[in-house]
$ cat input_6.pdb   # PDB, N, CA and C atoms
ATOM      1  N   MET A   1      15.454  10.227  -0.341  1.00  0.00           N
ATOM      2  CA  MET A   1      14.718   9.327   0.520  1.00  0.00           C
ATOM      3  C   MET A   1      14.483   8.029  -0.245  1.00  0.00           C
ATOM      4  N   LYS A   2      14.759   6.932   0.365  1.00  0.00           N
ATOM      5  CA  LYS A   2      14.615   5.626  -0.262  1.00  0.00           C
ATOM      6  C   LYS A   2      13.197   5.085  -0.047  1.00  0.00           C
ATOM      7  N   SER A   3      12.641   4.461  -1.081  1.00  0.00           N
ATOM      8  CA  SER A   3      11.300   3.895  -0.949  1.00  0.00           C
ATOM      9  C   SER A   3      11.392   2.398  -0.688  1.00  0.00           C
ATOM     10  N   VAL A   4      10.390   1.867  -0.025  1.00  0.00           N
ATOM     11  CA  VAL A   4      10.329   0.457   0.360  1.00  0.00           C
ATOM     12  C   VAL A   4       9.154  -0.183  -0.361  1.00  0.00           C
ATOM     13  N   LEU A   5       9.330  -1.404  -0.844  1.00  0.00           N
ATOM     14  CA  LEU A   5       8.268  -2.108  -1.556  1.00  0.00           C
ATOM     15  C   LEU A   5       7.327  -2.790  -0.576  1.00  0.00           C
ATOM     16  N   LEU A   6       6.034  -2.593  -0.766  1.00  0.00           N
ATOM     17  CA  LEU A   6       4.993  -3.243   0.027  1.00  0.00           C
ATOM     18  C   LEU A   6       3.962  -3.839  -0.924  1.00  0.00           C
ATOM     19  N   ASN A   7       3.536  -5.061  -0.660  1.00  0.00           N
ATOM     20  CA  ASN A   7       2.482  -5.683  -1.454  1.00  0.00           C
ATOM     21  C   ASN A   7       1.138  -5.330  -0.850  1.00  0.00           C
ATOM     22  N   ALA A   8       0.204  -4.946  -1.702  1.00  0.00           N
ATOM     23  CA  ALA A   8      -1.137  -4.581  -1.256  1.00  0.00           C
ATOM     24  C   ALA A   8      -2.157  -5.287  -2.139  1.00  0.00           C
ATOM     25  N   PHE A   9      -3.334  -5.473  -1.600  1.00  0.00           N
ATOM     26  CA  PHE A   9      -4.415  -6.139  -2.318  1.00  0.00           C
ATOM     27  C   PHE A   9      -5.646  -5.241  -2.273  1.00  0.00           C
ATOM     28  N   GLY A  10      -6.421  -5.238  -3.344  1.00  0.00           N
ATOM     29  CA  GLY A  10      -7.654  -4.464  -3.375  1.00  0.00           C
ATOM     30  C   GLY A  10      -8.637  -4.988  -2.333  1.00  0.00           C
ATOM     31  N   ARG A  11      -9.442  -4.083  -1.793  1.00  0.00           N
ATOM     32  CA  ARG A  11     -10.378  -4.458  -0.738  1.00  0.00           C
ATOM     33  C   ARG A  11     -11.767  -3.984  -1.120  1.00  0.00           C
ATOM     34  N   SER A  12     -12.724  -4.900  -1.076  1.00  0.00           N
ATOM     35  CA  SER A  12     -14.104  -4.521  -1.387  1.00  0.00           C
ATOM     36  C   SER A  12     -14.955  -4.438  -0.121  1.00  0.00           C
ATOM     37  N   GLN A  13     -14.466  -4.963   0.995  1.00  0.00           N
ATOM     38  CA  GLN A  13     -15.216  -4.920   2.244  1.00  0.00           C
ATOM     39  C   GLN A  13     -15.117  -3.521   2.837  1.00  0.00           C
ATOM     40  N   LEU A  14     -16.257  -2.929   3.073  1.00  0.00           N
ATOM     41  CA  LEU A  14     -16.313  -1.618   3.695  1.00  0.00           C
ATOM     42  C   LEU A  14     -17.163  -1.716   4.946  1.00  0.00           C
ATOM     43  N   GLY A  15     -16.995  -0.812   5.845  1.00  0.00           N
ATOM     44  CA  GLY A  15     -17.797  -0.807   7.060  1.00  0.00           C
ATOM     45  C   GLY A  15     -17.027  -1.345   8.244  1.00  0.00           C
ATOM     46  N   ARG A  16     -17.538  -1.015   9.390  1.00  0.00           N
ATOM     47  CA  ARG A  16     -16.863  -1.315  10.648  1.00  0.00           C
ATOM     48  C   ARG A  16     -16.713  -2.815  10.914  1.00  0.00           C
ATOM     49  N   GLY A  17     -17.783  -3.579  10.711  1.00  0.00           N
ATOM     50  CA  GLY A  17     -17.739  -5.010  10.988  1.00  0.00           C
ATOM     51  C   GLY A  17     -16.789  -5.755  10.075  1.00  0.00           C
ATOM     52  N   GLU A  18     -16.799  -5.401   8.807  1.00  0.00           N
ATOM     53  CA  GLU A  18     -15.924  -6.055   7.843  1.00  0.00           C
ATOM     54  C   GLU A  18     -14.456  -5.744   8.116  1.00  0.00           C
ATOM     55  N   VAL A  19     -14.185  -4.505   8.513  1.00  0.00           N
ATOM     56  CA  VAL A  19     -12.811  -4.113   8.810  1.00  0.00           C
ATOM     57  C   VAL A  19     -12.316  -4.810  10.072  1.00  0.00           C
ATOM     58  N   LYS A  20     -13.195  -5.022  11.038  1.00  0.00           N
ATOM     59  CA  LYS A  20     -12.816  -5.757  12.258  1.00  0.00           C
ATOM     60  C   LYS A  20     -12.416  -7.191  11.913  1.00  0.00           C
ATOM     61  N   LYS A  21     -13.182  -7.823  11.021  1.00  0.00           N
ATOM     62  CA  LYS A  21     -12.851  -9.179  10.586  1.00  0.00           C
ATOM     63  C   LYS A  21     -11.511  -9.202   9.849  1.00  0.00           C
ATOM     64  N   LEU A  22     -11.259  -8.174   9.068  1.00  0.00           N
ATOM     65  CA  LEU A  22     -10.011  -8.063   8.327  1.00  0.00           C
ATOM     66  C   LEU A  22      -8.831  -7.971   9.286  1.00  0.00           C
ATOM     67  N   ARG A  23      -8.963  -7.132  10.310  1.00  0.00           N
ATOM     68  CA  ARG A  23      -7.888  -6.997  11.302  1.00  0.00           C
ATOM     69  C   ARG A  23      -7.680  -8.288  12.083  1.00  0.00           C
ATOM     70  N   ALA A  24      -8.771  -9.005  12.368  1.00  0.00           N
ATOM     71  CA  ALA A  24      -8.667 -10.261  13.115  1.00  0.00           C
ATOM     72  C   ALA A  24      -7.902 -11.315  12.314  1.00  0.00           C
ATOM     73  N   SER A  25      -7.936 -11.214  10.987  1.00  0.00           N
ATOM     74  CA  SER A  25      -7.220 -12.179  10.157  1.00  0.00           C
ATOM     75  C   SER A  25      -5.764 -11.784   9.929  1.00  0.00           C
ATOM     76  N   GLY A  26      -5.307 -10.678  10.522  1.00  0.00           N
ATOM     77  CA  GLY A  26      -3.900 -10.292  10.422  1.00  0.00           C
ATOM     78  C   GLY A  26      -3.602  -9.320   9.296  1.00  0.00           C
ATOM     79  N   ARG A  27      -4.629  -8.790   8.672  1.00  0.00           N
ATOM     80  CA  ARG A  27      -4.429  -7.809   7.605  1.00  0.00           C
ATOM     81  C   ARG A  27      -4.864  -6.435   8.097  1.00  0.00           C
ATOM     82  N   ILE A  28      -4.322  -5.395   7.465  1.00  0.00           N
ATOM     83  CA  ILE A  28      -4.579  -4.035   7.906  1.00  0.00           C
ATOM     84  C   ILE A  28      -5.249  -3.260   6.777  1.00  0.00           C
ATOM     85  N   PRO A  29      -6.369  -2.586   7.068  1.00  0.00           N
ATOM     86  CA  PRO A  29      -7.026  -1.784   6.028  1.00  0.00           C
ATOM     87  C   PRO A  29      -6.240  -0.507   5.764  1.00  0.00           C
ATOM     88  N   ALA A  30      -6.233  -0.088   4.501  1.00  0.00           N
ATOM     89  CA  ALA A  30      -5.540   1.138   4.106  1.00  0.00           C
ATOM     90  C   ALA A  30      -6.285   1.769   2.943  1.00  0.00           C
ATOM     91  N   THR A  31      -6.026   3.039   2.719  1.00  0.00           N
ATOM     92  CA  THR A  31      -6.611   3.764   1.602  1.00  0.00           C
ATOM     93  C   THR A  31      -5.525   4.610   0.959  1.00  0.00           C
ATOM     94  N   ILE A  32      -5.474   4.579  -0.360  1.00  0.00           N
ATOM     95  CA  ILE A  32      -4.524   5.416  -1.080  1.00  0.00           C
ATOM     96  C   ILE A  32      -5.324   6.484  -1.821  1.00  0.00           C
ATOM     97  N   TYR A  33      -4.878   7.733  -1.660  1.00  0.00           N
ATOM     98  CA  TYR A  33      -5.541   8.879  -2.272  1.00  0.00           C
ATOM     99  C   TYR A  33      -4.639   9.451  -3.353  1.00  0.00           C
ATOM    100  N   GLY A  34      -5.239  10.021  -4.375  1.00  0.00           N
ATOM    101  CA  GLY A  34      -4.475  10.674  -5.421  1.00  0.00           C
ATOM    102  C   GLY A  34      -5.191  11.916  -5.899  1.00  0.00           C
ATOM    103  N   ARG A  35      -4.459  12.773  -6.541  1.00  0.00           N
ATOM    104  CA  ARG A  35      -5.037  14.031  -6.992  1.00  0.00           C
ATOM    105  C   ARG A  35      -6.050  13.813  -8.104  1.00  0.00           C
ATOM    106  N   GLN A  36      -5.725  12.976  -9.067  1.00  0.00           N
ATOM    107  CA  GLN A  36      -6.600  12.793 -10.224  1.00  0.00           C
ATOM    108  C   GLN A  36      -7.199  11.391 -10.292  1.00  0.00           C
ATOM    109  N   THR A  37      -7.140  10.656  -9.212  1.00  0.00           N
ATOM    110  CA  THR A  37      -7.717   9.317  -9.180  1.00  0.00           C
ATOM    111  C   THR A  37      -8.668   9.190  -7.997  1.00  0.00           C
ATOM    112  N   LYS A  38      -9.545   8.215  -8.088  1.00  0.00           N
ATOM    113  CA  LYS A  38     -10.448   7.940  -6.977  1.00  0.00           C
ATOM    114  C   LYS A  38      -9.672   7.274  -5.848  1.00  0.00           C
ATOM    115  N   PRO A  39     -10.132   7.426  -4.604  1.00  0.00           N
ATOM    116  CA  PRO A  39      -9.500   6.708  -3.497  1.00  0.00           C
ATOM    117  C   PRO A  39      -9.609   5.201  -3.716  1.00  0.00           C
ATOM    118  N   LEU A  40      -8.550   4.498  -3.385  1.00  0.00           N
ATOM    119  CA  LEU A  40      -8.485   3.056  -3.587  1.00  0.00           C
ATOM    120  C   LEU A  40      -8.352   2.376  -2.223  1.00  0.00           C
ATOM    121  N   ASN A  41      -9.314   1.525  -1.875  1.00  0.00           N
ATOM    122  CA  ASN A  41      -9.277   0.805  -0.603  1.00  0.00           C
ATOM    123  C   ASN A  41      -8.390  -0.421  -0.760  1.00  0.00           C
ATOM    124  N   LEU A  42      -7.468  -0.581   0.181  1.00  0.00           N
ATOM    125  CA  LEU A  42      -6.485  -1.662   0.117  1.00  0.00           C
ATOM    126  C   LEU A  42      -6.445  -2.416   1.426  1.00  0.00           C
ATOM    127  N   GLU A  43      -5.823  -3.575   1.373  1.00  0.00           N
ATOM    128  CA  GLU A  43      -5.480  -4.301   2.589  1.00  0.00           C
ATOM    129  C   GLU A  43      -4.015  -4.694   2.495  1.00  0.00           C
ATOM    130  N   LEU A  44      -3.323  -4.540   3.609  1.00  0.00           N
ATOM    131  CA  LEU A  44      -1.894  -4.835   3.694  1.00  0.00           C
ATOM    132  C   LEU A  44      -1.663  -5.963   4.675  1.00  0.00           C
ATOM    133  N   MET A  45      -0.592  -6.694   4.477  1.00  0.00           N
ATOM    134  CA  MET A  45      -0.218  -7.734   5.431  1.00  0.00           C
ATOM    135  C   MET A  45       0.330  -7.058   6.686  1.00  0.00           C
ATOM    136  N   GLY A  46      -0.177  -7.448   7.833  1.00  0.00           N
ATOM    137  CA  GLY A  46       0.195  -6.811   9.093  1.00  0.00           C
ATOM    138  C   GLY A  46       1.672  -6.922   9.403  1.00  0.00           C
ATOM    139  N   LYS A  47       2.267  -8.062   9.142  1.00  0.00           N
ATOM    140  CA  LYS A  47       3.686  -8.283   9.444  1.00  0.00           C
ATOM    141  C   LYS A  47       4.568  -7.368   8.601  1.00  0.00           C
ATOM    142  N   GLU A  48       4.258  -7.248   7.316  1.00  0.00           N
ATOM    143  CA  GLU A  48       5.061  -6.396   6.432  1.00  0.00           C
ATOM    144  C   GLU A  48       5.004  -4.939   6.880  1.00  0.00           C
ATOM    145  N   LEU A  49       3.820  -4.476   7.231  1.00  0.00           N
ATOM    146  CA  LEU A  49       3.668  -3.077   7.638  1.00  0.00           C
ATOM    147  C   LEU A  49       4.330  -2.815   8.988  1.00  0.00           C
ATOM    148  N   SER A  50       4.199  -3.729   9.929  1.00  0.00           N
ATOM    149  CA  SER A  50       4.840  -3.515  11.227  1.00  0.00           C
ATOM    150  C   SER A  50       6.360  -3.533  11.095  1.00  0.00           C
ATOM    151  N   ASP A  51       6.901  -4.365  10.209  1.00  0.00           N
ATOM    152  CA  ASP A  51       8.347  -4.358   9.967  1.00  0.00           C
ATOM    153  C   ASP A  51       8.786  -3.025   9.385  1.00  0.00           C
ATOM    154  N   LEU A  52       7.997  -2.483   8.467  1.00  0.00           N
ATOM    155  CA  LEU A  52       8.319  -1.195   7.863  1.00  0.00           C
ATOM    156  C   LEU A  52       8.325  -0.088   8.913  1.00  0.00           C
ATOM    157  N   ILE A  53       7.325  -0.060   9.765  1.00  0.00           N
ATOM    158  CA  ILE A  53       7.223   0.996  10.775  1.00  0.00           C
ATOM    159  C   ILE A  53       8.341   0.885  11.807  1.00  0.00           C
ATOM    160  N   HIS A  54       8.678  -0.336  12.221  1.00  0.00           N
ATOM    161  CA  HIS A  54       9.722  -0.505  13.230  1.00  0.00           C
ATOM    162  C   HIS A  54      11.118  -0.238  12.686  1.00  0.00           C
ATOM    163  N   GLN A  55      11.325  -0.422  11.391  1.00  0.00           N
ATOM    164  CA  GLN A  55      12.652  -0.209  10.815  1.00  0.00           C
ATOM    165  C   GLN A  55      12.895   1.233  10.400  1.00  0.00           C
ATOM    166  N   SER A  56      11.832   1.999  10.190  1.00  0.00           N
ATOM    167  CA  SER A  56      12.015   3.385   9.759  1.00  0.00           C
ATOM    168  C   SER A  56      12.259   4.280  10.967  1.00  0.00           C
ATOM    169  N   HIS A  57      12.890   5.402  10.718  1.00  0.00           N
ATOM    170  CA  HIS A  57      13.209   6.332  11.794  1.00  0.00           C
ATOM    171  C   HIS A  57      12.032   7.230  12.147  1.00  0.00           C
ATOM    172  N   SER A  58      11.120   7.392  11.204  1.00  0.00           N
ATOM    173  CA  SER A  58       9.919   8.180  11.462  1.00  0.00           C
ATOM    174  C   SER A  58       8.754   7.533  10.721  1.00  0.00           C
ATOM    175  N   GLU A  59       7.561   7.992  11.006  1.00  0.00           N
ATOM    176  CA  GLU A  59       6.391   7.432  10.349  1.00  0.00           C
ATOM    177  C   GLU A  59       6.202   8.003   8.950  1.00  0.00           C
ATOM    178  N   ASN A  60       6.975   9.009   8.586  1.00  0.00           N
ATOM    179  CA  ASN A  60       6.908   9.577   7.246  1.00  0.00           C
ATOM    180  C   ASN A  60       7.916   8.854   6.367  1.00  0.00           C
ATOM    181  N   SER A  61       7.434   7.918   5.560  1.00  0.00           N
ATOM    182  CA  SER A  61       8.328   7.175   4.689  1.00  0.00           C
ATOM    183  C   SER A  61       7.660   6.939   3.346  1.00  0.00           C
ATOM    184  N   LEU A  62       8.482   6.851   2.308  1.00  0.00           N
ATOM    185  CA  LEU A  62       7.979   6.564   0.974  1.00  0.00           C
ATOM    186  C   LEU A  62       7.811   5.068   0.805  1.00  0.00           C
ATOM    187  N   VAL A  63       6.714   4.687   0.154  1.00  0.00           N
ATOM    188  CA  VAL A  63       6.391   3.273  -0.022  1.00  0.00           C
ATOM    189  C   VAL A  63       6.005   3.052  -1.479  1.00  0.00           C
ATOM    190  N   ASP A  64       6.557   2.010  -2.082  1.00  0.00           N
ATOM    191  CA  ASP A  64       6.108   1.556  -3.391  1.00  0.00           C
ATOM    192  C   ASP A  64       5.053   0.493  -3.154  1.00  0.00           C
ATOM    193  N   LEU A  65       3.793   0.830  -3.398  1.00  0.00           N
ATOM    194  CA  LEU A  65       2.708  -0.128  -3.207  1.00  0.00           C
ATOM    195  C   LEU A  65       2.494  -0.894  -4.503  1.00  0.00           C
ATOM    196  N   ALA A  66       2.632  -2.200  -4.450  1.00  0.00           N
ATOM    197  CA  ALA A  66       2.377  -3.053  -5.610  1.00  0.00           C
ATOM    198  C   ALA A  66       0.956  -3.587  -5.490  1.00  0.00           C
ATOM    199  N   VAL A  67       0.041  -3.014  -6.291  1.00  0.00           N
ATOM    200  CA  VAL A  67      -1.368  -3.399  -6.264  1.00  0.00           C
ATOM    201  C   VAL A  67      -1.726  -3.959  -7.633  1.00  0.00           C
ATOM    202  N   ASP A  68      -2.047  -5.241  -7.691  1.00  0.00           N
ATOM    203  CA  ASP A  68      -2.451  -5.888  -8.943  1.00  0.00           C
ATOM    204  C   ASP A  68      -1.467  -5.598 -10.076  1.00  0.00           C
ATOM    205  N   GLN A  69      -0.203  -5.836  -9.840  1.00  0.00           N
ATOM    206  CA  GLN A  69       0.870  -5.676 -10.826  1.00  0.00           C
ATOM    207  C   GLN A  69       1.118  -4.221 -11.225  1.00  0.00           C
ATOM    208  N   VAL A  70       0.559  -3.258 -10.517  1.00  0.00           N
ATOM    209  CA  VAL A  70       0.787  -1.836 -10.783  1.00  0.00           C
ATOM    210  C   VAL A  70       1.409  -1.226  -9.536  1.00  0.00           C
ATOM    211  N   LYS A  71       2.494  -0.481  -9.714  1.00  0.00           N
ATOM    212  CA  LYS A  71       3.150   0.150  -8.576  1.00  0.00           C
ATOM    213  C   LYS A  71       2.684   1.592  -8.423  1.00  0.00           C
ATOM    214  N   HIS A  72       2.441   1.982  -7.178  1.00  0.00           N
ATOM    215  CA  HIS A  72       2.059   3.347  -6.827  1.00  0.00           C
ATOM    216  C   HIS A  72       3.067   3.850  -5.802  1.00  0.00           C
ATOM    217  N   LEU A  73       3.647   5.006  -6.043  1.00  0.00           N
ATOM    218  CA  LEU A  73       4.519   5.621  -5.061  1.00  0.00           C
ATOM    219  C   LEU A  73       3.638   6.363  -4.063  1.00  0.00           C
ATOM    220  N   ALA A  74       3.791   6.052  -2.787  1.00  0.00           N
ATOM    221  CA  ALA A  74       2.915   6.627  -1.768  1.00  0.00           C
ATOM    222  C   ALA A  74       3.737   7.092  -0.570  1.00  0.00           C
ATOM    223  N   LEU A  75       3.173   8.038   0.136  1.00  0.00           N
ATOM    224  CA  LEU A  75       3.750   8.543   1.372  1.00  0.00           C
ATOM    225  C   LEU A  75       2.810   8.148   2.501  1.00  0.00           C
ATOM    226  N   VAL A  76       3.347   7.551   3.543  1.00  0.00           N
ATOM    227  CA  VAL A  76       2.531   7.166   4.691  1.00  0.00           C
ATOM    228  C   VAL A  76       2.097   8.455   5.377  1.00  0.00           C
ATOM    229  N   GLN A  77       0.791   8.695   5.399  1.00  0.00           N
ATOM    230  CA  GLN A  77       0.270   9.945   5.940  1.00  0.00           C
ATOM    231  C   GLN A  77      -0.007   9.833   7.429  1.00  0.00           C
ATOM    232  N   GLU A  78      -0.597   8.719   7.859  1.00  0.00           N
ATOM    233  CA  GLU A  78      -0.991   8.595   9.252  1.00  0.00           C
ATOM    234  C   GLU A  78      -0.934   7.130   9.663  1.00  0.00           C
ATOM    235  N   VAL A  79      -0.460   6.911  10.862  1.00  0.00           N
ATOM    236  CA  VAL A  79      -0.471   5.582  11.466  1.00  0.00           C
ATOM    237  C   VAL A  79      -1.207   5.702  12.781  1.00  0.00           C
ATOM    238  N   GLN A  80      -2.225   4.876  12.967  1.00  0.00           N
ATOM    239  CA  GLN A  80      -2.986   4.916  14.209  1.00  0.00           C
ATOM    240  C   GLN A  80      -2.619   3.699  15.053  1.00  0.00           C
ATOM    241  N   HIS A  81      -2.389   3.932  16.341  1.00  0.00           N
ATOM    242  CA  HIS A  81      -2.022   2.869  17.272  1.00  0.00           C
ATOM    243  C   HIS A  81      -3.136   2.695  18.295  1.00  0.00           C
ATOM    244  N   HIS A  82      -3.342   1.465  18.723  1.00  0.00           N
ATOM    245  CA  HIS A  82      -4.324   1.190  19.767  1.00  0.00           C
ATOM    246  C   HIS A  82      -3.752   1.636  21.106  1.00  0.00           C
ATOM    247  N   PRO A  83      -4.524   2.319  21.925  1.00  0.00           N
ATOM    248  CA  PRO A  83      -3.985   2.823  23.193  1.00  0.00           C
ATOM    249  C   PRO A  83      -3.663   1.682  24.137  1.00  0.00           C
TER     250      PRO A  83
END

$ encode --input "input_6.pdb" --output "structure tokens"
Amino acid sequence: MKSVLLNAFGRSQLGRGEVKKLRASGRIPATIYGRQTKPLNLELMGKELSDLIHQSHSENSLVDLAVDQVKHLALVQEVQHHP
């Protein structure tokens, strides 16, 4: 399975109102989980993520997340769509 590079940025805004503002600016909130690390809150560029989802054959795809010059190999666990 081939992995795709995605740029991500750390996110300090938590809560419903802050996340709504984030989405309004064209960015998407995300969280990366690990076995021996704390969960890391991220924000992704909406265009990059939508291109990834539309080009893949399924929602299960490997992603190389570049966060602050550190790469994390991640698997997209869930994608939520607005009804």

$ resolve_selection --input "input_6.pdb" --expression "the PyMOL selection byres (((chain A and resi 43 and name CA) around 6) and name CA)" --output "PyMOL selection string"
chain A and resi 8-9+11+28-30+42+44

$ residues_around --input "input_6.pdb" --residues "Leu65 of chain A" --least-positions-apart "4" --cutoff "7 Å" --atoms "only C-alpha atoms" --output "short mmCIF file (atom, residue, chain, number, x, y, z; two decimals) with N, CA and C atoms, keeping the file's coordinate frame"
data_model
loop_
_atom_site.label_atom_id
_atom_site.label_comp_id
_atom_site.auth_asym_id
_atom_site.auth_seq_id
_atom_site.Cartn_x
_atom_site.Cartn_y
_atom_site.Cartn_z
N LEU A 5 9.33 -1.40 -0.84
CA LEU A 5 8.27 -2.11 -1.56
C LEU A 5 7.33 -2.79 -0.58
N LEU A 6 6.03 -2.59 -0.77
CA LEU A 6 4.99 -3.24 0.03
C LEU A 6 3.96 -3.84 -0.92
N ASN A 7 3.54 -5.06 -0.66
CA ASN A 7 2.48 -5.68 -1.45
C ASN A 7 1.14 -5.33 -0.85
N ALA A 8 0.20 -4.95 -1.70
CA ALA A 8 -1.14 -4.58 -1.26
C ALA A 8 -2.16 -5.29 -2.14
N LYS A 71 2.49 -0.48 -9.71
CA LYS A 71 3.15 0.15 -8.58
C LYS A 71 2.68 1.59 -8.42
N HIS A 72 2.44 1.98 -7.18
CA HIS A 72 2.06 3.35 -6.83
C HIS A 72 3.07 3.85 -5.80
N LEU A 73 3.65 5.01 -6.04
CA LEU A 73 4.52 5.62 -5.06
C LEU A 73 3.64 6.36 -4.06
N ALA A 74 3.79 6.05 -2.79
CA ALA A 74 2.92 6.63 -1.77
C ALA A 74 3.74 7.09 -0.57
#

$ select_by_dssp --input "input_6.pdb" --residues "chain A" --states "helix (DSSP H, G or I)" --output "number ranges by chain"
A: 16-24, 46-55

$ atom_distance --input "input_6.pdb" --atom1 "atom CA of Gln77 of chain A" --atom2 "atom N of Gln55 of chain A"
16.1 Å

$ axis_aligned_box --input "input_6.pdb" --around "segment 15-25 of chain A" --padding-each-side "8 Å" --output "JSON"
{"center_x": -11.8, "center_y": -6.5, "center_z": 9.5, "size_x": 28.0, "size_y": 27.4, "size_z": 23.3}

$ atom_distance --input "input_6.pdb" --atom1 "atom CA of Glu48 of chain A" --atom2 "atom C of Val76 of chain A"
15.2 Å

$ atom_distance --input "input_6.pdb" --atom1 "atom N of Arg23 of chain A" --atom2 "atom CA of Gln36 of chain A"
28.7 Å

$ resolve_selection --input "input_6.pdb" --expression "the PyMOL selection byres ((chain A and resi 62) around 6.5)" --output "ChimeraX atom specification"
/A:2-4,60-61,63-64,74-76

$ select_by_dssp --input "input_6.pdb" --residues "chain A" --states "strand (DSSP E)" --output "VMD selection string"
chain A and resid 4 to 10 27 to 32 40 to 45 62 to 67 70 to 75

$ closest_residue --input "input_6.pdb" --among "A:Pro83, A:Gly10, A:Pro39, A:Thr31" --to "Val67 of chain A" --atoms "only C-alpha atoms"
A:Gly10
